[in-house]
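Encoded as structure tokens, the structure appears first; notes follow it.
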Amino acid sequence: GGRYIGSGFTTTFNARTLLSGAVRVTLRDFLGVALRKSNILFRFRVLTFLAIIFAGPRVDARPIVWMAPALTRVGQEDAAKDVGRIDLWAGRGEYESFQVVVRGPAGGLSGETISASGLAGPAGRIIPTANIQIYREQYVHIAQGSPDRGGTNRPLGPGWYADALIAVNSGAANSPAQFTVSEGKNQPFWVDIFVPRTAEPGEYHGSVSVSGQQGTASVQLTLHVWNFELPLRPSLR
């Protein structure tokens, strides 16, 4: 609380009475009195009071990005997970996959792009971006689920499910296509990595980034390449 000294009158005020209109003062009068006071502590209290009144809530509109294993089913409205990195294992000549999920913050996202870096490995070796393909997962509506015959792998019933895979870097000049995400909704992406047959065994590190007008968010991945190669043709006859 504090005291207001006006033209010929003095009254006591606090935050509640000021905001409710019980005390009729203008912001100009209020600031003028505060700045004329010689008490530094009083000035500090007044400025703090005004900051609380006029400061609005901070809204973080940056992309919300996390990672999921390839076989994890991601619903449109699933809560975001605190998973910013993933570890993968593969042999030479093998494909390995994972998912990157983008959730729309307050106000949603528009004009976003997603891209992957090359994977840096031992002895300066690189798995290039040409070996990494990203697909946008398209949700489709299932009106009638499969019959429920019990057991441990039961159907989930009607609803929206991520199913179709649409390549995001198949446009002109191989530039990544832009996408939008509504507020509170998820947009998962499927990422395939093909391990070259000439890759050195060891750890390879890289990232996937989501960029747009609201900023950039990145997640990290580590690929462990085993010291063996998958055959081009089956050896069994």
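By convention in this document, the chains of the structure tokens carry letters A, B, ... by their order, each chain's residues are numbered from 1, and ligands are numbered from 1 in the order they are shown.
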Exercise: A:Gly104 partners within 6 Å, only C-alpha atoms, chain neighbours under 5 positions left out, as a JSON list (two decimals) with all heavy atoms, in the first residue's frame:
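What ended up in selection.json:
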```
[["chain", "number", "residue", "atom", "x", "y", "z"],
["A", 109, "LEU", "N", 1.89, -23.18, -35.34],
["A", 109, "LEU", "CA", 3.08, -22.96, -36.16],
["A", 109, "LEU", "C", 2.67, -22.92, -37.63],
["A", 109, "LEU", "O", 1.78, -23.66, -38.05],
["A", 109, "LEU", "CB", 4.10, -24.09, -35.95],
["A", 109, "LEU", "CG", 4.70, -24.27, -34.56],
["A", 109, "LEU", "CD1", 5.52, -25.56, -34.50],
["A", 109, "LEU", "CD2", 5.58, -23.08, -34.19],
["A", 181, "VAL", "N", 1.33, -26.60, -37.95],
["A", 181, "VAL", "CA", 0.85, -27.41, -36.83],
["A", 181, "VAL", "C", -0.09, -26.54, -36.00],
["A", 181, "VAL", "O", 0.29, -25.44, -35.57],
["A", 181, "VAL", "CB", 1.99, -27.93, -35.95],
["A", 181, "VAL", "CG1", 1.45, -28.92, -34.91],
["A", 181, "VAL", "CG2", 3.08, -28.60, -36.78],
["A", 182, "SER", "N", -1.31, -27.01, -35.77],
["A", 182, "SER", "CA", -2.26, -26.25, -34.97],
["A", 182, "SER", "C", -1.88, -26.29, -33.50],
["A", 182, "SER", "O", -1.20, -27.22, -33.04],
["A", 182, "SER", "CB", -3.67, -26.82, -35.16],
["A", 182, "SER", "OG", -4.07, -26.76, -36.51],
["A", 183, "GLU", "N", -2.35, -25.31, -32.77],
["A", 183, "GLU", "CA", -2.07, -25.24, -31.33],
["A", 183, "GLU", "C", -2.60, -26.49, -30.61],
["A", 183, "GLU", "O", -3.74, -26.91, -30.82],
["A", 183, "GLU", "CB", -2.73, -24.00, -30.74],
["A", 183, "GLU", "CG", -2.56, -23.85, -29.24],
["A", 183, "GLU", "CD", -3.19, -22.59, -28.70],
["A", 183, "GLU", "OE1", -3.46, -21.66, -29.49],
["A", 183, "GLU", "OE2", -3.43, -22.53, -27.47],
["A", 184, "GLY", "N", -1.72, -27.11, -29.82],
["A", 184, "GLY", "CA", -2.11, -28.28, -29.05],
["A", 184, "GLY", "C", -2.16, -29.57, -29.84],
["A", 184, "GLY", "O", -2.55, -30.61, -29.31],
["A", 185, "LYS", "N", -1.75, -29.55, -31.12],
["A", 185, "LYS", "CA", -1.74, -30.75, -31.96],
["A", 185, "LYS", "C", -0.31, -31.21, -32.21],
["A", 185, "LYS", "O", 0.64, -30.42, -32.13],
["A", 185, "LYS", "CB", -2.44, -30.47, -33.29],
["A", 185, "LYS", "CG", -3.89, -30.04, -33.17],
["A", 185, "LYS", "CD", -4.77, -31.15, -32.65],
["A", 185, "LYS", "CE", -6.25, -30.73, -32.66],
["A", 185, "LYS", "NZ", -7.14, -31.80, -32.16]]
```
Open item on the list: Which residues are close to A:Pro63, i.e. within 8 Å by only C-alpha atoms, leaving aside same-chain residues fewer than 3 positions away? Reply as an MDAnalysis selection string.
Closed with: chainID A and resid 102:105 109 210:211 214:217
Taking the backbone alone, and naming residues the way the document does, which bits of stretch 66-200 of chain A are strand (DSSP E) by DSSP, as a tab-separated table (two decimals) with C-alpha atoms, in the first residue's frame?
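Result went into out.tsv, see below:
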```tsv
chain	number	residue	atom	x	y	z
A	66	TRP	CA	10.80	-34.38	-29.07
A	67	MET	CA	11.80	-37.84	-30.32
A	68	ALA	CA	10.17	-41.27	-30.28
A	69	PRO	CA	11.20	-44.80	-31.35
A	85	ARG	CA	17.98	-37.34	-27.98
A	86	ILE	CA	17.85	-40.93	-29.18
A	87	ASP	CA	20.34	-43.78	-29.68
A	88	LEU	CA	20.17	-46.11	-32.69
A	89	TRP	CA	22.06	-49.27	-33.67
A	90	ALA	CA	22.52	-50.63	-37.21
A	91	GLY	CA	24.87	-52.63	-39.39
A	92	ARG	CA	26.40	-51.46	-42.67
A	95	TYR	CA	18.10	-48.89	-42.68
A	96	GLU	CA	17.33	-47.59	-39.19
A	97	SER	CA	14.34	-45.38	-38.35
A	98	PHE	CA	12.99	-43.10	-35.63
A	99	GLN	CA	10.40	-40.34	-35.21
A	100	VAL	CA	10.58	-36.60	-34.53
A	101	VAL	CA	7.38	-35.06	-33.16
A	102	VAL	CA	6.51	-31.36	-33.45
A	103	ARG	CA	3.77	-29.98	-31.19
A	109	LEU	CA	3.08	-22.96	-36.16
A	110	SER	CA	3.14	-22.05	-39.84
A	111	GLY	CA	5.81	-22.01	-42.51
A	112	GLU	CA	7.97	-24.48	-40.59
A	113	THR	CA	10.65	-26.70	-42.14
A	114	ILE	CA	12.44	-29.78	-40.84
A	115	SER	CA	15.93	-30.88	-41.84
A	116	ALA	CA	18.64	-33.29	-40.74
A	119	LEU	CA	26.19	-37.72	-39.14
A	120	ALA	CA	29.81	-37.21	-38.05
A	126	ILE	CA	30.41	-38.62	-42.51
A	127	ILE	CA	27.07	-40.24	-43.29
A	132	ILE	CA	18.68	-39.49	-44.55
A	133	GLN	CA	15.07	-39.29	-45.72
A	134	ILE	CA	12.35	-37.49	-43.74
A	135	TYR	CA	8.63	-38.18	-44.18
A	136	ARG	CA	5.66	-36.29	-42.78
A	137	GLU	CA	3.19	-38.68	-41.16
A	138	GLN	CA	-0.34	-38.00	-42.40
A	139	TYR	CA	-3.18	-38.65	-39.97
A	140	VAL	CA	-6.15	-40.57	-41.38
A	141	HIS	CA	-9.50	-41.12	-39.72
A	142	ILE	CA	-10.57	-44.70	-39.01
A	159	GLY	CA	-10.04	-42.34	-34.30
A	160	TRP	CA	-7.23	-40.44	-36.03
A	161	TYR	CA	-4.01	-42.38	-36.66
A	162	ALA	CA	-0.71	-41.45	-38.31
A	163	ASP	CA	-0.40	-43.72	-41.33
A	164	ALA	CA	0.65	-42.32	-44.73
A	165	LEU	CA	4.26	-41.16	-45.19
A	166	ILE	CA	4.84	-38.10	-47.40
A	167	ALA	CA	8.44	-37.17	-48.27
A	179	PHE	CA	4.26	-27.46	-42.87
A	180	THR	CA	1.85	-26.10	-40.26
A	181	VAL	CA	0.85	-27.41	-36.83
A	186	ASN	CA	1.14	-33.06	-32.87
A	187	GLN	CA	2.84	-33.55	-36.22
A	188	PRO	CA	5.13	-36.60	-36.24
A	189	PHE	CA	7.86	-37.17	-38.82
A	190	TRP	CA	9.39	-40.52	-39.79
A	191	VAL	CA	13.15	-40.46	-40.40
A	192	ASP	CA	15.03	-43.20	-42.31
A	193	ILE	CA	18.83	-43.48	-42.18
A	194	PHE	CA	20.64	-45.72	-44.64
```
Open item on the list: Let me make sure I understand: among A:Gln76, A:Asn153, A:Asn131, A:Ser117, which one has the smallest atom-to-atom distance to A:Pro196 if we use only C-alpha atoms?
Closed with: A:Asn131
- [ ] For atom CA of A:Ser235 and atom CA of A:Arg197, determine how far apart the two atoms are, in Å to one decimal place.
- [x] 17.5 Å
Test item: residues at most 10 Å from A:Val225, only C-alpha atoms, excluding those fewer than 2 positions along its chain, as a JSON list (two decimals) with N, CA and C atoms, in the first residue's frame:
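Okay, around_3.json is ready:
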```
[["chain", "number", "residue", "atom", "x", "y", "z"],
["A", 88, "LEU", "N", 20.54, -45.11, -31.69],
["A", 88, "LEU", "CA", 20.17, -46.11, -32.69],
["A", 88, "LEU", "C", 21.34, -47.05, -32.92],
["A", 89, "TRP", "N", 21.03, -48.28, -33.36],
["A", 89, "TRP", "CA", 22.06, -49.27, -33.67],
["A", 89, "TRP", "C", 21.72, -49.89, -35.02],
["A", 90, "ALA", "N", 22.74, -50.05, -35.88],
["A", 90, "ALA", "CA", 22.52, -50.63, -37.21],
["A", 90, "ALA", "C", 23.83, -51.16, -37.75],
["A", 91, "GLY", "N", 23.71, -52.13, -38.67],
["A", 91, "GLY", "CA", 24.87, -52.63, -39.39],
["A", 91, "GLY", "C", 25.06, -51.86, -40.69],
["A", 92, "ARG", "N", 26.18, -52.08, -41.36],
["A", 92, "ARG", "CA", 26.40, -51.46, -42.67],
["A", 92, "ARG", "C", 25.40, -52.04, -43.67],
["A", 94, "GLU", "N", 22.24, -51.23, -43.73],
["A", 94, "GLU", "CA", 20.94, -51.39, -43.07],
["A", 94, "GLU", "C", 20.24, -50.04, -42.95],
["A", 121, "GLY", "N", 31.20, -39.18, -37.81],
["A", 121, "GLY", "CA", 31.66, -40.40, -37.17],
["A", 121, "GLY", "C", 33.15, -40.45, -36.94],
["A", 195, "VAL", "N", 22.64, -46.73, -43.71],
["A", 195, "VAL", "CA", 24.06, -46.79, -43.34],
["A", 195, "VAL", "C", 24.86, -47.26, -44.56],
["A", 196, "PRO", "N", 25.81, -46.45, -45.04],
["A", 196, "PRO", "CA", 26.59, -46.87, -46.21],
["A", 196, "PRO", "C", 27.34, -48.18, -45.95],
["A", 199, "ALA", "N", 30.77, -47.60, -44.44],
["A", 199, "ALA", "CA", 30.88, -46.86, -43.19],
["A", 199, "ALA", "C", 31.83, -47.55, -42.21],
["A", 200, "GLU", "N", 32.64, -46.75, -41.52],
["A", 200, "GLU", "CA", 33.47, -47.27, -40.45],
["A", 200, "GLU", "C", 32.60, -47.59, -39.24],
["A", 201, "PRO", "N", 32.87, -48.69, -38.55],
["A", 201, "PRO", "CA", 32.11, -48.97, -37.33],
["A", 201, "PRO", "C", 32.41, -47.92, -36.26],
["A", 202, "GLY", "N", 31.43, -47.66, -35.40],
["A", 202, "GLY", "CA", 31.61, -46.68, -34.34],
["A", 202, "GLY", "C", 30.40, -45.78, -34.18],
["A", 203, "GLU", "N", 30.56, -44.71, -33.45],
["A", 203, "GLU", "CA", 29.46, -43.79, -33.15],
["A", 203, "GLU", "C", 29.44, -42.63, -34.15],
["A", 204, "TYR", "N", 28.22, -42.31, -34.61],
["A", 204, "TYR", "CA", 27.99, -41.18, -35.49],
["A", 204, "TYR", "C", 26.97, -40.25, -34.82],
["A", 222, "THR", "N", 22.36, -40.30, -31.90],
["A", 222, "THR", "CA", 23.63, -41.03, -31.99],
["A", 222, "THR", "C", 23.35, -42.38, -32.66],
["A", 223, "LEU", "N", 24.07, -42.65, -33.74],
["A", 223, "LEU", "CA", 23.94, -43.91, -34.47],
["A", 223, "LEU", "C", 25.17, -44.76, -34.20],
["A", 227, "ASN", "N", 30.11, -53.58, -36.61],
["A", 227, "ASN", "CA", 31.19, -53.99, -37.51],
["A", 227, "ASN", "C", 30.79, -55.23, -38.31],
["A", 228, "PHE", "N", 29.67, -55.13, -39.02],
["A", 228, "PHE", "CA", 29.27, -56.18, -39.97],
["A", 228, "PHE", "C", 28.39, -55.54, -41.04],
["A", 229, "GLU", "N", 28.21, -56.25, -42.14],
["A", 229, "GLU", "CA", 27.46, -55.73, -43.28],
["A", 229, "GLU", "C", 26.36, -56.69, -43.64]]
```
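Of the listed residues A:Arg233, A:Thr152, A:Gly84, A:Ala143, the one whose atoms come nearest to A:Ser207 is A:Gly84, with distances taken using only C-alpha atoms.
Distance-wise, atom CA of A:Ala80 and atom CA of A:Arg62 end up 13.5 Å apart.
We find atom CA of A:Gly157 and atom CA of A:Gln144 to be spaced 6.8 Å apart.
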